[in-house]
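Trainee: Take a look at this one; I'll ask things after.
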Amino acid sequence: MSTKAFKQDKVSQIKENIDKAQVAIVTEYKGYSVEEITNLRRALQKEDGDYMVTKNTLAKLAVKDTPYEVLTETFKGPIAIAFGFGDQVAPAKALSKFIKDTKKGEIIAAAMDGKLLSADEAKALATIPSKEEIYAKMLGCINSPATGIAGSVSAVMASLTRAIAAVRDQKSA
């Protein structure tokens, strides 16, 4: 494959990911081994994401005229882009955990809904509960009153049954 064809292929891969992405997180990957990058890519794929190491010029070409064009100014030095296709929080959580475990690399910036997030905002994204956690909490809140009512009715019925049994035992004695 010629160099030009390889570059065009890489740009089209990035564009394909950008078209599906809910969030894009730019990271510095300096110091990562190939094995570490592979492990990070696998962790992100489990969270419905992907991780691509790319040249800055190719990344700039790929994000041109997309909502992720705001990331262009962050493409400096050795970078990689993590994409999240489903949940916007899961890739940030996976990246933060990986960086904490390896003590290498850092989150540079992120883009979500056409807005540029600073490194601190992107790191804060990792602390937000996932959609599943939020749904579970909401269902717990919705279920709580019904569970309380059911418990109260059950307690009243149990008390009534014990009272009837006590009266029955008293009369038979």
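We name chains A, B, ... following the order of the structure tokens; residues begin at 1 in each chain, and ligands are numbered from 1 as shown.
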Identify, on the basis of only C-alpha atoms, every residue whose closest approach to Phe85 of chain A does not exceed 6 Å; exclude the query and any residue fewer than 2 positions from it along the same chain; express the result as a list in words.

Mentor: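 So the residues in contact are Lys20, Ala21, Gln22, Asp48 and Gly49 of chain A.
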
Trainee: Taking the backbone alone, and naming residues the way the document does, which bits of segment 73-118 of chain A are strand (DSSP E) by DSSP, as a PDB file with C-alpha atoms, in the first residue's frame?

Mentor:
ATOM      1  CA  ILE A  79      -1.837  12.067  20.342  1.00  0.00           C
ATOM      2  CA  ALA A  80      -4.474   9.406  20.180  1.00  0.00           C
ATOM      3  CA  ILE A  81      -8.225   9.814  20.066  1.00  0.00           C
ATOM      4  CA  ALA A  82     -10.675   7.767  22.106  1.00  0.00           C
ATOM      5  CA  PHE A  83     -14.164   7.577  20.666  1.00  0.00           C
ATOM      6  CA  GLY A  84     -17.341   6.691  22.547  1.00  0.00           C
ATOM      7  CA  GLU A 106      -2.940  12.200  30.104  1.00  0.00           C
ATOM      8  CA  ILE A 107      -6.249  13.468  28.839  1.00  0.00           C
ATOM      9  CA  ILE A 108      -5.712  16.652  26.814  1.00  0.00           C
ATOM     10  CA  ALA A 109      -9.266  17.613  25.864  1.00  0.00           C
ATOM     11  CA  ALA A 110     -12.592  16.231  24.700  1.00  0.00           C
ATOM     12  CA  ALA A 111     -15.425  17.224  22.433  1.00  0.00           C
ATOM     13  CA  MET A 112     -19.074  16.456  22.951  1.00  0.00           C
ATOM     14  CA  LYS A 115     -18.348  21.772  22.332  1.00  0.00           C
ATOM     15  CA  LEU A 116     -14.716  21.661  23.401  1.00  0.00           C
ATOM     16  CA  LEU A 117     -14.126  20.397  26.935  1.00  0.00           C
TER      17      LEU A 117
END

Trainee: Nearest to Ala92 of chain A: which of A:Asp169, A:Asp9, A:Glu73, A:Glu47 is it, counting only C-alpha atoms?

Mentor: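 That would be A:Glu47, the residue with the smallest distance to Ala92 of chain A.
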
Trainee: For Glu36 of chain A, work out the shell of residues within 10 Å, counting only C-alpha atoms and skipping chain neighbours fewer than 6 positions away, then give it as a list in words.

Mentor: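 Within the cut-off, the hits are Tyr29, Arg42, Phe98 and Thr102 of chain A.
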
Trainee: Would you export the selected residues with C-alpha atoms as a PDB file, in the first residue's frame, please?

Mentor:
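The resulting file, part37.pdb, is reproduced below:
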ATOM      1  CA  TYR A  29       0.034   8.443  24.732  1.00  0.00           C
ATOM      2  CA  ARG A  42      -9.788  -3.568  24.270  1.00  0.00           C
ATOM      3  CA  PHE A  98      -6.073   3.239  32.552  1.00  0.00           C
ATOM      4  CA  THR A 102      -0.289   2.917  34.305  1.00  0.00           C
TER       5      THR A 102
END

Trainee: I want to know what sits within 9 Å of Ala59 of chain A, based on only C-alpha atoms, with residues of the same chain fewer than 6 positions away left out; could you give that as a PDB file with C-alpha atoms, in the first residue's frame?

Mentor:
ATOM      1  CA  LYS A  10      -6.414   6.303   7.994  1.00  0.00           C
ATOM      2  CA  VAL A  11      -8.356   9.560   7.451  1.00  0.00           C
ATOM      3  CA  ILE A  14     -11.104   8.398  11.661  1.00  0.00           C
ATOM      4  CA  LYS A  15     -14.026   9.985   9.769  1.00  0.00           C
ATOM      5  CA  THR A  72      -8.066  20.812  16.003  1.00  0.00           C
ATOM      6  CA  PHE A  75      -3.663  18.118  18.079  1.00  0.00           C
ATOM      7  CA  ILE A  81      -8.225   9.814  20.066  1.00  0.00           C
TER       8      ILE A  81
END

Trainee: Expressed in Å to a single decimal, how great is the separation between atom CA of Ile142 of chain A and atom CA of Ala94 of chain A?

Mentor: 29.9 Å

Trainee: DSSP says helix (DSSP H, G or I) for which residues of segment 34-128 of chain A? Put them as a ChimeraX atom specification?

Mentor: /A:34-46,56-63,67-74,90-102,119-125

Trainee: With a distance cut-off of 7 Å and only C-alpha atoms, select the neighbouring residues of Pro78 of chain A, excluding the residue or stretch itself and same-chain residues fewer than 2 positions from it, and output the selection as an mmCIF file with N, CA and C atoms, in the first residue's frame.

Mentor:
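Dumped everything to selection_9.cif:
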data_model
loop_
_atom_site.group_PDB
_atom_site.id
_atom_site.type_symbol
_atom_site.label_atom_id
_atom_site.label_comp_id
_atom_site.auth_asym_id
_atom_site.auth_seq_id
_atom_site.Cartn_x
_atom_site.Cartn_y
_atom_site.Cartn_z
ATOM 1 N N GLU A 28 -2.705 12.099 25.304
ATOM 2 C CA GLU A 28 -1.287 11.964 25.002
ATOM 3 C C GLU A 28 -0.925 10.530 25.366
ATOM 4 N N TYR A 29 -0.271 9.845 24.467
ATOM 5 C CA TYR A 29 0.034 8.443 24.732
ATOM 6 C C TYR A 29 1.533 8.193 24.903
ATOM 7 N N LYS A 30 2.294 9.229 25.113
ATOM 8 C CA LYS A 30 3.748 9.099 25.239
ATOM 9 C C LYS A 30 4.102 8.115 26.353
ATOM 10 N N LYS A 76 -1.505 18.405 19.114
ATOM 11 C CA LYS A 76 -0.088 18.762 19.208
ATOM 12 C C LYS A 76 0.642 17.637 19.928
#

Trainee: Quick one: of A:Lys104, A:Lys64, A:Lys55, A:Lys46, who's nearest to Ile18 of chain A, counting only C-alpha atoms?

Mentor: A:Lys64

Trainee: With distances taken over only C-alpha atoms, which of A:Gln45, A:Asn39, A:Ser12, A:Ser144 is nearest to Asp101 of chain A?

Mentor: A:Asn39

Trainee: Atom CA of Val26 of chain A and atom CA of Lys97 of chain A, how far apart in Å?

Mentor: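 Spanning atom CA of Lys97 of chain A to atom CA of Val26 of chain A is a straight-line distance of 15.3 Å.
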